[in-house]
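Structure file input17.txt (compact mmCIF, C-alpha atoms) follows.
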# COMPACT_ATOMS: atom_id res chain seq x y z
CA MET A 1 8.12 44.74 75.10
CA ILE A 2 8.48 42.95 71.78
CA SER A 3 4.88 41.77 71.86
CA GLN A 4 3.81 45.34 72.49
CA ILE A 5 5.73 46.58 69.46
CA VAL A 6 4.16 43.84 67.37
CA ARG A 7 0.74 44.87 68.62
CA TYR A 8 1.38 48.47 67.60
CA LEU A 9 2.61 47.39 64.18
CA VAL A 10 -0.53 45.32 63.64
CA SER A 11 -2.75 48.22 64.61
CA LEU A 12 -0.73 50.51 62.33
CA PHE A 13 -1.22 48.12 59.46
CA ALA A 14 -4.95 47.85 60.11
CA LEU A 15 -5.36 51.61 60.34
CA LEU A 16 -3.44 52.15 57.11
CA LEU A 17 -5.58 49.54 55.34
CA VAL A 18 -8.80 51.16 56.51
CA GLN A 19 -7.55 54.65 55.65
CA ILE A 20 -6.22 53.86 52.18
CA PHE A 21 -8.74 51.36 50.95
CA VAL A 22 -11.92 52.47 52.67
CA LEU A 23 -11.85 56.05 53.92
CA ASN A 24 -9.83 57.48 51.04
CA GLN A 25 -12.16 55.85 48.54
CA ILE A 26 -15.50 56.96 49.91
CA GLU A 27 -16.76 60.49 49.56
CA PHE A 28 -18.68 61.80 52.54
CA ALA A 29 -21.09 64.57 51.59
CA GLY A 30 -18.74 65.83 48.93
CA TYR A 31 -16.07 67.52 50.96
CA ILE A 32 -15.73 65.78 54.30
CA ARG A 33 -12.64 63.64 54.58
CA PRO A 34 -11.85 61.68 57.73
CA TYR A 35 -8.25 60.82 58.55
CA LEU A 36 -8.57 58.02 61.06
CA TYR A 37 -4.93 56.98 60.66
CA VAL A 38 -3.81 59.68 63.12
CA LEU A 39 -5.32 57.51 65.85
CA PHE A 40 -2.06 55.58 65.74
CA LEU A 41 -0.12 58.64 66.85
CA LEU A 42 -2.70 59.46 69.50
CA LEU A 43 -2.45 56.07 71.18
CA LEU A 44 1.33 55.67 71.33
CA PRO A 45 2.68 55.38 74.90
CA ILE A 46 3.22 58.61 76.79
CA GLU A 47 6.79 57.82 77.73
CA ILE A 48 8.07 57.55 74.16
CA ARG A 49 10.84 60.08 73.65
CA GLY A 50 10.01 63.23 71.73
CA TRP A 51 12.52 62.70 68.95
CA LEU A 52 11.28 59.17 68.35
CA MET A 53 7.68 60.40 68.20
CA LEU A 54 8.74 62.95 65.58
CA VAL A 55 10.42 60.27 63.50
CA ILE A 56 7.37 58.01 63.77
CA GLY A 57 5.02 60.84 62.84
CA PHE A 58 7.24 61.81 59.94
CA ALA A 59 7.32 58.25 58.62
CA LEU A 60 3.59 57.74 59.01
CA GLY A 61 2.86 60.99 57.18
CA LEU A 62 5.22 60.03 54.40
CA ILE A 63 3.49 56.67 53.96
CA MET A 64 0.09 58.37 53.70
CA ASP A 65 1.42 60.92 51.24
CA THR A 66 2.74 58.15 49.06
CA PHE A 67 -0.73 56.71 48.77
CA THR A 68 -2.60 59.94 48.20
CA GLN A 69 -0.11 61.59 45.80
CA THR A 70 0.09 64.59 48.10
CA PRO A 71 3.79 65.08 48.82
CA GLY A 72 4.48 66.67 52.19
CA MET A 73 0.86 67.29 53.16
CA ASN A 74 0.27 64.50 55.64
CA THR A 75 3.93 64.52 56.66
CA SER A 76 3.75 68.14 57.71
CA ALA A 77 0.42 67.72 59.50
CA CYS A 78 1.60 64.62 61.40
CA LEU A 79 4.73 66.44 62.57
CA VAL A 80 2.61 69.28 63.88
CA LEU A 81 0.35 66.77 65.61
CA VAL A 82 3.30 65.04 67.32
CA PHE A 83 4.83 68.36 68.26
CA SER A 84 1.64 69.60 69.89
CA ARG A 85 1.04 66.22 71.51
CA GLN A 86 4.20 66.52 73.61
CA TYR A 87 3.07 69.85 75.01
CA LEU A 88 -0.60 68.95 75.31
CA LEU A 89 0.28 65.87 77.36
CA LYS A 90 2.20 68.07 79.80
CA LEU A 91 -0.65 70.56 79.88
CA ILE A 92 -3.38 68.06 80.76
CA ALA A 93 -1.26 65.79 82.94
CA PRO A 94 -2.81 64.65 86.22
CA ARG A 95 -1.55 66.54 89.27
CA GLU A 96 0.77 63.77 90.38
CA GLY A 97 2.17 63.30 86.86
CA TYR A 98 2.05 60.22 84.65
CA GLU A 99 2.94 56.81 85.98
CA THR A 100 5.03 54.50 83.85
CA GLY A 101 2.94 52.14 81.79
CA GLN A 102 0.01 54.50 81.47
CA LEU A 103 -1.30 54.93 77.94
CA PRO A 104 -3.26 57.90 76.60
CA ARG A 105 -6.50 55.95 76.53
CA PRO A 106 -9.89 56.38 78.19
CA GLU A 107 -9.31 53.27 80.32
CA PHE A 108 -6.55 55.13 82.15
CA PHE A 109 -7.76 58.70 82.25
CA GLY A 110 -11.46 58.56 81.50
CA TRP A 111 -13.52 59.44 78.48
CA LYS A 112 -13.67 63.17 79.14
CA TRP A 113 -9.90 63.41 79.25
CA PHE A 114 -9.59 61.37 76.08
CA LEU A 115 -12.22 63.42 74.27
CA ILE A 116 -10.34 66.64 75.01
CA TYR A 117 -6.97 65.12 74.22
CA SER A 118 -7.99 63.52 70.92
CA SER A 119 -10.23 66.27 69.58
CA ILE A 120 -7.61 68.98 70.13
CA LEU A 121 -4.94 66.95 68.36
CA VAL A 122 -7.22 65.80 65.54
CA GLY A 123 -8.35 69.40 65.10
CA ILE A 124 -4.79 70.73 64.89
CA HIS A 125 -3.86 68.01 62.43
CA HIS A 126 -6.87 68.62 60.19
CA ILE A 127 -6.66 72.39 60.13
CA TRP A 128 -2.99 72.21 59.26
CA LEU A 129 -3.63 69.53 56.66
CA PHE A 130 -6.46 71.30 54.84
CA TYR A 131 -4.59 74.58 54.66
CA ALA A 132 -1.45 72.78 53.51
CA GLU A 133 -3.51 71.21 50.76
CA VAL A 134 -4.93 74.46 49.44
CA PHE A 135 -1.68 76.30 50.22
CA HIS A 136 -3.44 79.59 49.86
CA PHE A 137 -5.65 81.75 52.03
CA LYS A 138 -7.91 82.45 49.09
CA TYR A 139 -10.39 79.84 50.27
CA PHE A 140 -9.99 80.70 53.93
CA PHE A 141 -13.50 80.03 55.17
CA SER A 142 -14.44 77.12 52.96
CA THR A 143 -11.18 75.45 53.98
CA LEU A 144 -11.89 76.13 57.64
CA PHE A 145 -15.37 74.61 57.37
CA ARG A 146 -14.02 71.57 55.59
CA ALA A 147 -11.39 71.16 58.31
CA ILE A 148 -13.90 71.52 61.12
CA PHE A 149 -16.51 69.17 59.65
CA SER A 150 -13.84 66.61 58.86
CA THR A 151 -12.46 66.93 62.39
CA VAL A 152 -15.87 66.12 63.84
CA PHE A 153 -16.19 63.14 61.53
CA THR A 154 -12.72 61.83 62.31
CA GLU A 155 -13.29 62.36 66.02
CA VAL A 156 -16.46 60.26 65.90
CA LEU A 157 -14.54 57.50 64.13
CA VAL A 158 -11.70 57.80 66.65
CA LEU A 159 -14.09 57.42 69.59
CA LEU A 160 -15.89 54.48 67.99
CA THR A 161 -12.62 52.74 67.15
CA VAL A 162 -11.30 53.22 70.66
CA LEU A 163 -14.60 52.05 72.14
CA PHE A 164 -14.60 48.84 70.15
CA PHE A 165 -10.93 47.97 69.83
CA TYR A 166 -8.95 49.65 72.59
CA ASN A 167 -11.27 49.59 75.55
CA SER A 168 -10.02 46.41 77.13
CA SER A 169 -11.17 45.50 80.61
CA LYS A 170 -7.67 45.64 82.13
CA ALA A 171 -8.29 49.22 83.20
CA LYS A 172 -7.13 50.11 86.63
CA MET B 1 31.49 74.63 72.13
CA ARG B 2 30.22 72.75 75.14
CA ASN B 3 27.50 75.30 75.53
CA LEU B 4 26.44 74.79 71.95
CA VAL B 5 26.22 71.04 72.45
CA GLN B 6 24.21 71.57 75.58
CA LEU B 7 21.94 73.97 73.78
CA ILE B 8 21.35 71.45 71.00
CA LEU B 9 20.70 68.71 73.55
CA LYS B 10 18.29 70.90 75.41
CA TYR B 11 16.31 71.91 72.34
CA HIS B 12 16.79 68.73 70.32
CA PHE B 13 13.03 68.15 70.13
CA LEU B 14 12.38 71.56 68.65
CA ILE B 15 15.35 71.30 66.30
CA ILE B 16 14.34 67.90 64.94
CA PHE B 17 10.79 69.16 64.53
CA VAL B 18 11.93 72.19 62.54
CA VAL B 19 14.30 70.18 60.34
CA LEU B 20 11.68 67.52 59.51
CA GLN B 21 9.01 70.17 59.00
CA LEU B 22 11.27 72.04 56.59
CA PHE B 23 11.72 68.85 54.64
CA ALA B 24 7.94 68.31 54.57
CA PHE B 25 7.49 71.84 53.29
CA TYR B 26 10.09 71.29 50.63
CA LEU B 27 8.05 68.29 49.44
CA LEU B 28 4.85 70.29 49.69
CA VAL B 29 6.13 73.22 47.66
CA SER B 30 7.89 71.18 45.01
CA GLY B 31 4.85 68.90 44.82
CA ASN B 32 2.57 71.86 44.30
CA ASN B 33 4.58 72.67 41.25
CA TYR B 34 2.04 72.14 38.51
CA GLN B 35 4.38 70.34 36.19
CA ASN B 36 7.03 67.79 37.05
CA ASN B 37 6.84 66.21 40.42
CA LYS B 38 9.83 64.34 41.77
CA PHE B 39 7.91 62.82 44.64
CA THR B 40 5.50 60.85 42.46
CA ASN B 41 8.36 59.93 40.17
CA LEU B 42 10.01 58.24 43.12
CA THR B 43 7.04 56.80 44.96
CA GLY B 44 4.56 56.33 42.12
CA ASP B 45 5.62 52.77 41.40
CA VAL B 46 5.31 51.60 44.99
CA SER B 47 1.93 53.07 45.83
CA GLY B 48 0.77 52.54 42.26
CA SER B 49 1.23 48.80 42.34
CA VAL B 50 -0.63 48.49 45.63
CA LEU B 51 -3.48 50.70 44.49
CA GLU B 52 -3.63 48.86 41.21
CA ARG B 53 -4.15 45.55 42.95
CA TYR B 54 -6.96 47.07 44.95
CA HIS B 55 -8.42 48.56 41.81
CA ASN B 56 -8.33 45.24 40.01
CA PHE B 57 -10.36 43.81 42.82
CA THR B 58 -13.03 46.52 42.95
CA ASN B 59 -13.17 46.76 39.18
CA TYR B 60 -15.40 43.68 39.00
CA ILE B 61 -18.21 45.46 40.74
CA ASN B 62 -18.73 47.94 37.92
CA LEU B 63 -17.84 45.59 35.13
CA ASN B 64 -21.26 45.48 33.49
CA GLU B 65 -21.63 49.19 33.15
CA LYS B 66 -18.13 49.54 31.80
CA ASN B 67 -18.71 46.84 29.24
CA ASP B 68 -21.81 48.62 28.00
CA LYS B 69 -19.91 51.79 27.60
CA LEU B 70 -17.03 50.16 25.76
CA ALA B 71 -19.42 48.34 23.46
CA GLU B 72 -21.13 51.62 22.71
CA GLU B 73 -17.86 53.24 21.89
CA ASN B 74 -16.82 50.30 19.73
CA ALA B 75 -20.02 50.61 17.79
CA PHE B 76 -19.35 54.26 17.23
CA LEU B 77 -15.83 53.60 16.04
CA LYS B 78 -16.94 50.84 13.71
CA GLN B 79 -18.40 53.39 11.34
CA TYR B 80 -14.90 54.49 10.54
CA GLU B 81 -13.72 50.99 9.78
CA LYS B 82 -12.76 50.25 6.22
CA TYR B 83 -15.63 47.85 5.69
CA SER B 84 -18.14 50.47 6.70
CA LEU B 85 -17.04 52.72 3.91
CA LYS B 86 -18.31 52.48 0.40
CA LYS B 87 -15.81 52.24 -2.36
CA LEU B 88 -16.25 55.13 -4.75
CA PHE B 89 -13.68 54.08 -7.30
CA SER B 90 -12.83 50.80 -8.92
CA ASP B 91 -10.05 48.65 -7.51
CA LYS B 92 -7.40 49.76 -9.88
CA VAL B 93 -7.23 53.36 -8.85
CA LYS B 94 -4.63 54.01 -6.21
CA ILE B 95 -5.40 56.88 -3.90
CA GLU B 96 -2.60 58.52 -2.03
CA ASP B 97 -4.19 60.34 0.83
CA THR B 98 -2.50 63.67 1.04
CA LEU B 99 -5.44 65.48 2.55
CA TYR B 100 -5.14 63.90 5.95
CA GLN B 101 -2.20 63.16 8.13
CA GLN B 102 -2.32 61.54 11.52
CA GLN B 103 -1.79 64.16 14.20
CA TYR B 104 -3.09 62.59 17.40
CA LEU B 105 -2.62 59.13 18.80
CA TYR B 106 -4.58 57.73 21.74
CA MET B 107 -3.40 55.38 24.39
CA SER B 108 -5.93 53.70 26.60
CA ALA B 109 -5.27 53.48 30.32
CA GLU B 110 -7.12 52.43 33.40
CA VAL B 111 -7.81 54.73 36.30
CA ILE B 112 -6.54 53.13 39.50
CA ASP B 113 -7.03 55.98 41.94
CA ASN B 114 -9.19 59.05 41.75
CA SER B 115 -10.76 61.66 43.96
CA VAL B 116 -13.34 64.41 43.54
CA SER B 117 -13.68 65.80 47.04
CA ASN B 118 -10.42 67.72 47.30
CA LYS B 119 -9.67 71.18 45.99
CA LYS B 120 -6.80 69.67 44.09
CA ASN B 121 -7.85 66.36 42.67
CA TYR B 122 -5.45 63.98 41.03
CA ILE B 123 -6.02 60.81 39.07
CA LEU B 124 -3.61 57.90 38.98
CA ILE B 125 -3.50 55.74 35.85
CA ASN B 126 -1.69 52.50 35.11
CA LYS B 127 0.42 53.68 32.19
CA GLY B 128 3.70 55.53 32.54
CA ARG B 129 6.95 56.53 30.95
CA ILE B 130 7.44 53.05 29.51
CA ASN B 131 4.23 53.53 27.53
CA GLY B 132 5.43 56.89 26.26
CA ILE B 133 3.38 59.08 28.56
CA MET B 134 4.93 62.46 29.24
CA PRO B 135 3.95 65.47 31.34
CA GLU B 136 1.52 67.92 29.69
CA MET B 137 -0.23 65.31 27.57
CA GLY B 138 -4.01 65.60 27.58
CA VAL B 139 -6.26 62.90 28.98
CA ILE B 140 -9.82 62.29 27.78
CA SER B 141 -12.53 59.74 28.42
CA SER B 142 -15.28 58.60 26.11
CA ASP B 143 -17.41 61.41 27.56
CA GLY B 144 -14.95 64.26 27.33
CA VAL B 145 -11.93 65.95 28.82
CA VAL B 146 -10.46 64.47 32.01
CA GLY B 147 -7.25 66.37 32.70
CA ILE B 148 -3.59 66.80 31.92
CA VAL B 149 -0.67 64.52 32.82
CA LYS B 150 1.36 66.01 35.63
CA SER B 151 4.13 63.47 36.05
CA SER B 152 4.86 59.86 35.37
CA SER B 153 6.94 57.12 36.87
CA ASP B 154 7.91 54.06 34.85
CA ASN B 155 4.52 52.39 35.03
CA PHE B 156 2.13 55.00 36.39
CA SER B 157 1.14 58.58 35.76
CA VAL B 158 -0.52 61.24 37.82
CA ILE B 159 -3.12 63.38 36.08
CA VAL B 160 -4.23 66.81 37.20
CA SER B 161 -7.98 66.43 37.03
CA LEU B 162 -10.18 69.14 35.54
CA LEU B 163 -11.43 69.30 39.12
CA HIS B 164 -8.30 71.07 40.34
CA ILE B 165 -8.42 74.72 41.33
CA GLU B 166 -5.39 75.51 39.22
CA SER B 167 -6.31 73.58 36.11
CA LYS B 168 -6.90 75.57 32.96
CA VAL B 169 -8.04 74.29 29.61
CA SER B 170 -8.57 76.36 26.50
CA ALA B 171 -12.14 75.96 25.22
CA PHE B 172 -14.62 77.30 22.72
CA ILE B 173 -18.39 77.38 22.35
CA GLU B 174 -19.32 75.25 19.40
CA GLU B 175 -22.45 77.19 18.43
CA ASN B 176 -20.82 80.60 18.08
CA ASN B 177 -17.08 79.84 17.97
CA TYR B 178 -16.09 82.16 20.81
CA PHE B 179 -13.01 81.14 22.75
CA GLY B 180 -12.46 81.17 26.49
CA SER B 181 -10.80 79.15 29.18
CA ILE B 182 -12.19 76.52 31.51
CA SER B 183 -11.36 76.46 35.21
CA TRP B 184 -12.85 75.04 38.40
CA SER B 185 -14.01 76.90 41.47
CA GLY B 186 -13.37 74.03 43.82
CA ASP B 187 -16.95 73.73 45.05
CA ASP B 188 -19.13 71.57 42.88
CA GLU B 189 -17.71 68.55 41.16
CA GLN B 190 -20.22 68.86 38.30
CA THR B 191 -19.75 72.53 37.49
CA LEU B 192 -16.87 74.19 35.70
CA LEU B 193 -16.41 77.85 34.95
CA LEU B 194 -15.99 79.23 31.46
CA ASN B 195 -14.09 82.51 31.57
CA ASP B 196 -13.20 85.23 29.09
CA ILE B 197 -16.36 85.12 26.98
CA PRO B 198 -17.13 88.78 26.20
CA ASN B 199 -20.56 89.92 27.30
CA TYR B 200 -21.73 91.09 23.87
CA VAL B 201 -21.95 87.49 22.68
CA SER B 202 -25.40 85.94 22.65
CA LEU B 203 -25.56 82.77 24.70
CA LYS B 204 -28.10 80.07 25.32
CA LYS B 205 -28.43 77.32 27.85
CA GLY B 206 -27.34 74.03 26.37
CA TYR B 207 -24.61 75.39 24.11
CA HIS B 208 -21.74 72.94 23.82
CA VAL B 209 -18.32 73.77 25.19
CA LYS B 210 -15.41 71.93 23.58
CA THR B 211 -11.63 72.04 23.57
CA SER B 212 -10.18 74.68 21.29
CA GLY B 213 -7.06 72.87 20.16
CA TYR B 214 -4.99 75.93 21.03
CA SER B 215 -2.69 73.89 23.22
CA SER B 216 -1.21 70.65 22.02
CA ALA B 217 -2.72 68.72 24.92
CA PHE B 218 -6.09 68.16 23.24
CA PRO B 219 -7.32 68.00 19.67
CA LYS B 220 -10.00 70.52 18.75
CA GLY B 221 -13.57 69.56 19.56
CA VAL B 222 -13.31 67.19 22.52
CA PRO B 223 -16.43 67.80 24.64
CA ILE B 224 -15.98 69.53 27.97
CA GLY B 225 -19.53 70.27 28.95
CA ILE B 226 -22.79 72.08 28.34
CA ILE B 227 -23.63 75.61 29.40
CA LYS B 228 -25.84 75.33 32.47
CA SER B 229 -26.31 78.98 33.35
CA PHE B 230 -24.71 82.32 32.64
CA GLU B 231 -24.71 85.67 34.28
CA TRP B 232 -24.14 89.11 32.92
CA VAL B 233 -21.65 90.81 35.22
CA GLU B 234 -22.32 94.45 35.72
CA ASN B 235 -19.30 96.70 35.19
CA GLY B 236 -17.44 93.73 33.79
CA SER B 237 -16.76 92.85 30.23
CA PHE B 238 -17.09 89.10 30.56
CA TYR B 239 -19.83 86.64 31.38
CA ASN B 240 -19.82 84.33 34.37
CA ILE B 241 -20.67 81.02 32.81
CA ASP B 242 -21.35 77.73 34.60
CA VAL B 243 -20.69 74.66 32.54
CA GLU B 244 -22.04 71.25 33.42
CA VAL B 245 -19.11 68.90 33.00
CA SER B 246 -19.69 66.03 30.58
CA THR B 247 -17.25 63.59 32.20
CA ASP B 248 -18.56 61.81 35.26
CA PHE B 249 -15.47 61.96 37.45
CA ARG B 250 -17.01 59.70 40.06
CA LYS B 251 -17.30 56.84 37.61
CA LEU B 252 -14.09 57.33 35.69
CA SER B 253 -12.50 54.02 34.77
CA HIS B 254 -11.04 53.99 31.26
CA VAL B 255 -9.27 57.02 29.87
CA TYR B 256 -7.27 57.84 26.76
CA VAL B 257 -4.01 59.72 26.84
CA VAL B 258 -3.60 62.01 23.85
CA LYS B 259 -0.28 62.16 22.08
CA ASP B 260 0.25 65.04 19.68
CA LEU B 261 2.64 63.92 16.95
CA MET B 262 3.20 67.48 15.81
CA LYS B 263 3.90 68.95 19.21
CA MET B 264 7.63 69.38 18.64
CA GLU B 265 7.06 71.01 15.31
CA ARG B 266 4.53 73.35 16.83
CA GLN B 267 6.80 74.35 19.70
CA LYS B 268 9.72 74.85 17.37
CA ILE B 269 7.93 77.23 15.07
CA MET B 270 6.56 79.19 18.01
CA GLU B 271 10.04 79.56 19.45
CA GLU B 272 11.46 80.63 16.13
CA ALA B 273 8.76 83.22 15.75
CA LYS B 274 9.50 84.57 19.21
CA LEU B 275 13.23 84.69 18.50
CA ASN B 276 12.69 86.70 15.35
CA ASP B 277 10.58 89.19 17.19
Structure translated into structure tokens:
Amino acid sequence: MISQIVRYLVSLFALLLVQIFVLNQIEFAGYIRPYLYVLFLLLLPIEIRGWLMLVIGFALGLIMDTFTQTPGMNTSACLVLVFSRQYLLKLIAPREGYETGQLPRPEFFGWKWFLIYSSILVGIHHIWLFYAEVFHFKYFFSTLFRAIFSTVFTEVLVLLTVLFFYNSSKAK
Amino acid sequence: MRNLVQLILKYHFLIIFVVLQLFAFYLLVSGNNYQNNKFTNLTGDVSGSVLERYHNFTNYINLNEKNDKLAEENAFLKQYEKYSLKKLFSDKVKIEDTLYQQQYLYMSAEVIDNSVSNKKNYILINKGRINGIMPEMGVISSDGVVGIVKSSSDNFSVIVSLLHIESKVSAFIEENNYFGSISWSGDDEQTLLLNDIPNYVSLKKGYHVKTSGYSSAFPKGVPIGIIKSFEWVENGSFYNIDVEVSTDFRKLSHVYVVKDLMKMERQKIMEEAKLND
């Protein structure tokens, strides 16, 4: 239990480092911005209670906002992500339900499941985030395109990260 | 009462979500406030010190280029040094300079975080309230205008970059003295828009756009950019003018914060005039 928490904290730290010092600093084609840090929320165990997930998402968003000088933006988007995650997990649950100890990773449910799961949540997060940033529907379509392109980019990074770091051989 | 408790227990997930989301929106709305920003006042020192350490590390990579630029600027400034001036009178004449009075002071600062890809770009610098930086002060680089201070914590300040869809700077065209205002469309990090230039004015590509000095954020004549293209709008009375920005926001490293020593005096007389209206 404790070792698991430590492992999550280490991965959180690594993701934050990469997000703040690498991804936030590089410009991709002018307006594409990947937010890989949400991977942390995606990979948290399924059985974590809803309220705790909300608190974690809130805290993570607040940390990101502190580093990007964008008060409330990431916080709000992370909350929406966590909120939709609870319902999405119910929606795409296997017929016999989740077993304890199962994690929302490809090694448990397959790559197709994970692709659907992660891209929906990343998409929701990004669309919310980009509109929260502009806070106006004046730039409706350009914001939408930015959100979609960035979602694709983040999703690719999510899949690569999971492939290299979370795809251990202890799959069932 | 028991029902209420049960209701809360049943919908606790939704309730917590709404409460936290409301708080996030409070931050979002108050942070969007163009001027003072409590969030960065509180968190600026924490994130600032981390980002500054990172910046110190990456700074070495561009050191050569920066040195060249600083040397260039030093050379330019040297011409105003006392020893570069020729004495017109003999030693015994004392000259009280009553023609000039210092109006603007400049404070150098280092950029420790910056972005150009957002619609609302902010720049973080390593000087803050302790150094006398206040909201609404102008920020320039050796190339031209950079932005306006939005808020500052003790040691750091956040600047609203010119590349911010709500930024507005008063400007004029040097060649014909017409005034307008500079804004940004949010698309191209190298192109600004010059608005409010009436369409009977004759324009040419390459005309220089500079600050007007109408606000106390910038002195008159700080470069903003060069006219890249302009378009005569039918049925409108103003031109659409694209201005190529003179500051390279991608390479921003040293900036100067402008302090207007006569700002209070200026505000006071404006208020008095309005009161007497």
Chain B residues near chain A (6 Å cut-off, all atoms listed in the file) as an MDAnalysis selection string: chainID B and resid 13 21 24 27:28 31 47 117
Two-atom distance - CA of Ser119 in chain A, CA of His136 in chain A (Å): 24.7 Å
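Rounded to one decimal, CA of Leu275 in chain B and CA of Ser216 in chain B lie 20.4 Å from each other.
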Atom-to-atom span, CA of Lys66 in chain B and CA of His254 in chain B, Å: 8.4 Å
Shell of 7 Å around range 160-173 of chain B, all atoms listed in the file, local chain residues under 4 positions omitted, as a PyMOL selection string: chain B and resi 116+119-123+146-150+177-186+189+207-212+214
Who sits within 7 Å of Ile124 in chain A, all atoms listed in the file, same chain under 4 positions skipped, as a list in words: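 Everything that qualifies: Leu81, Ile120 and Trp128 of chain A.
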Excluding Gly110 in chain A and its own-chain neighbours fewer than 3 positions away, which residues fall within 12 Å of it when counting all atoms listed in the file? Please give them as a short mmCIF file (atom, residue, chain, number, x, y, z; two decimals) with C-alpha atoms, in the coordinates of the input.
data_model
loop_
_atom_site.label_atom_id
_atom_site.label_comp_id
_atom_site.auth_asym_id
_atom_site.auth_seq_id
_atom_site.Cartn_x
_atom_site.Cartn_y
_atom_site.Cartn_z
CA PRO A 94 -2.81 64.65 86.22
CA LEU A 103 -1.30 54.93 77.94
CA PRO A 104 -3.26 57.90 76.60
CA ARG A 105 -6.50 55.95 76.53
CA PRO A 106 -9.89 56.38 78.19
CA GLU A 107 -9.31 53.27 80.32
CA TRP A 113 -9.90 63.41 79.25
CA PHE A 114 -9.59 61.37 76.08
CA LEU A 115 -12.22 63.42 74.27
CA ILE A 116 -10.34 66.64 75.01
CA TYR A 117 -6.97 65.12 74.22
CA LEU A 163 -14.60 52.05 72.14
CA ASN A 167 -11.27 49.59 75.55
CA ALA A 171 -8.29 49.22 83.20
CA LYS A 172 -7.13 50.11 86.63
#
Nearest-residue call for Ser141 in chain B, choices B:Asn155, B:Ser115, B:Ser108, B:Gln103, using all atoms listed in the file: B:Ser108
Might you pull out every residue within 10 Å of Leu12 in chain A, with all atoms listed in the file counted and same-chain residues fewer than 3 positions away left off, and present them as a short mmCIF file (atom, residue, chain, number, x, y, z; two decimals) with C-alpha atoms, in the coordinates of the input?
data_model
loop_
_atom_site.label_atom_id
_atom_site.label_comp_id
_atom_site.auth_asym_id
_atom_site.auth_seq_id
_atom_site.Cartn_x
_atom_site.Cartn_y
_atom_site.Cartn_z
CA VAL A 6 4.16 43.84 67.37
CA ARG A 7 0.74 44.87 68.62
CA TYR A 8 1.38 48.47 67.60
CA LEU A 9 2.61 47.39 64.18
CA LEU A 15 -5.36 51.61 60.34
CA LEU A 16 -3.44 52.15 57.11
CA LEU A 17 -5.58 49.54 55.34
CA VAL A 18 -8.80 51.16 56.51
CA TYR A 37 -4.93 56.98 60.66
CA VAL A 38 -3.81 59.68 63.12
CA LEU A 39 -5.32 57.51 65.85
CA PHE A 40 -2.06 55.58 65.74
CA LEU A 41 -0.12 58.64 66.85
CA LEU A 60 3.59 57.74 59.01
#
Shortest interatomic distance to Val139 in chain B - which of B:Ile241, B:Leu22, B:Leu252, B:Ile15, counting only C-alpha atoms: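 Ranking B:Ile241, B:Leu22, B:Leu252, B:Ile15 by distance to Val139 in chain B, first place goes to B:Leu252.
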Nearest candidate to Gly138 in chain B (options B:Lys268, B:His12, B:Lys251, B:Lys259; using all atoms listed in the file): B:Lys259
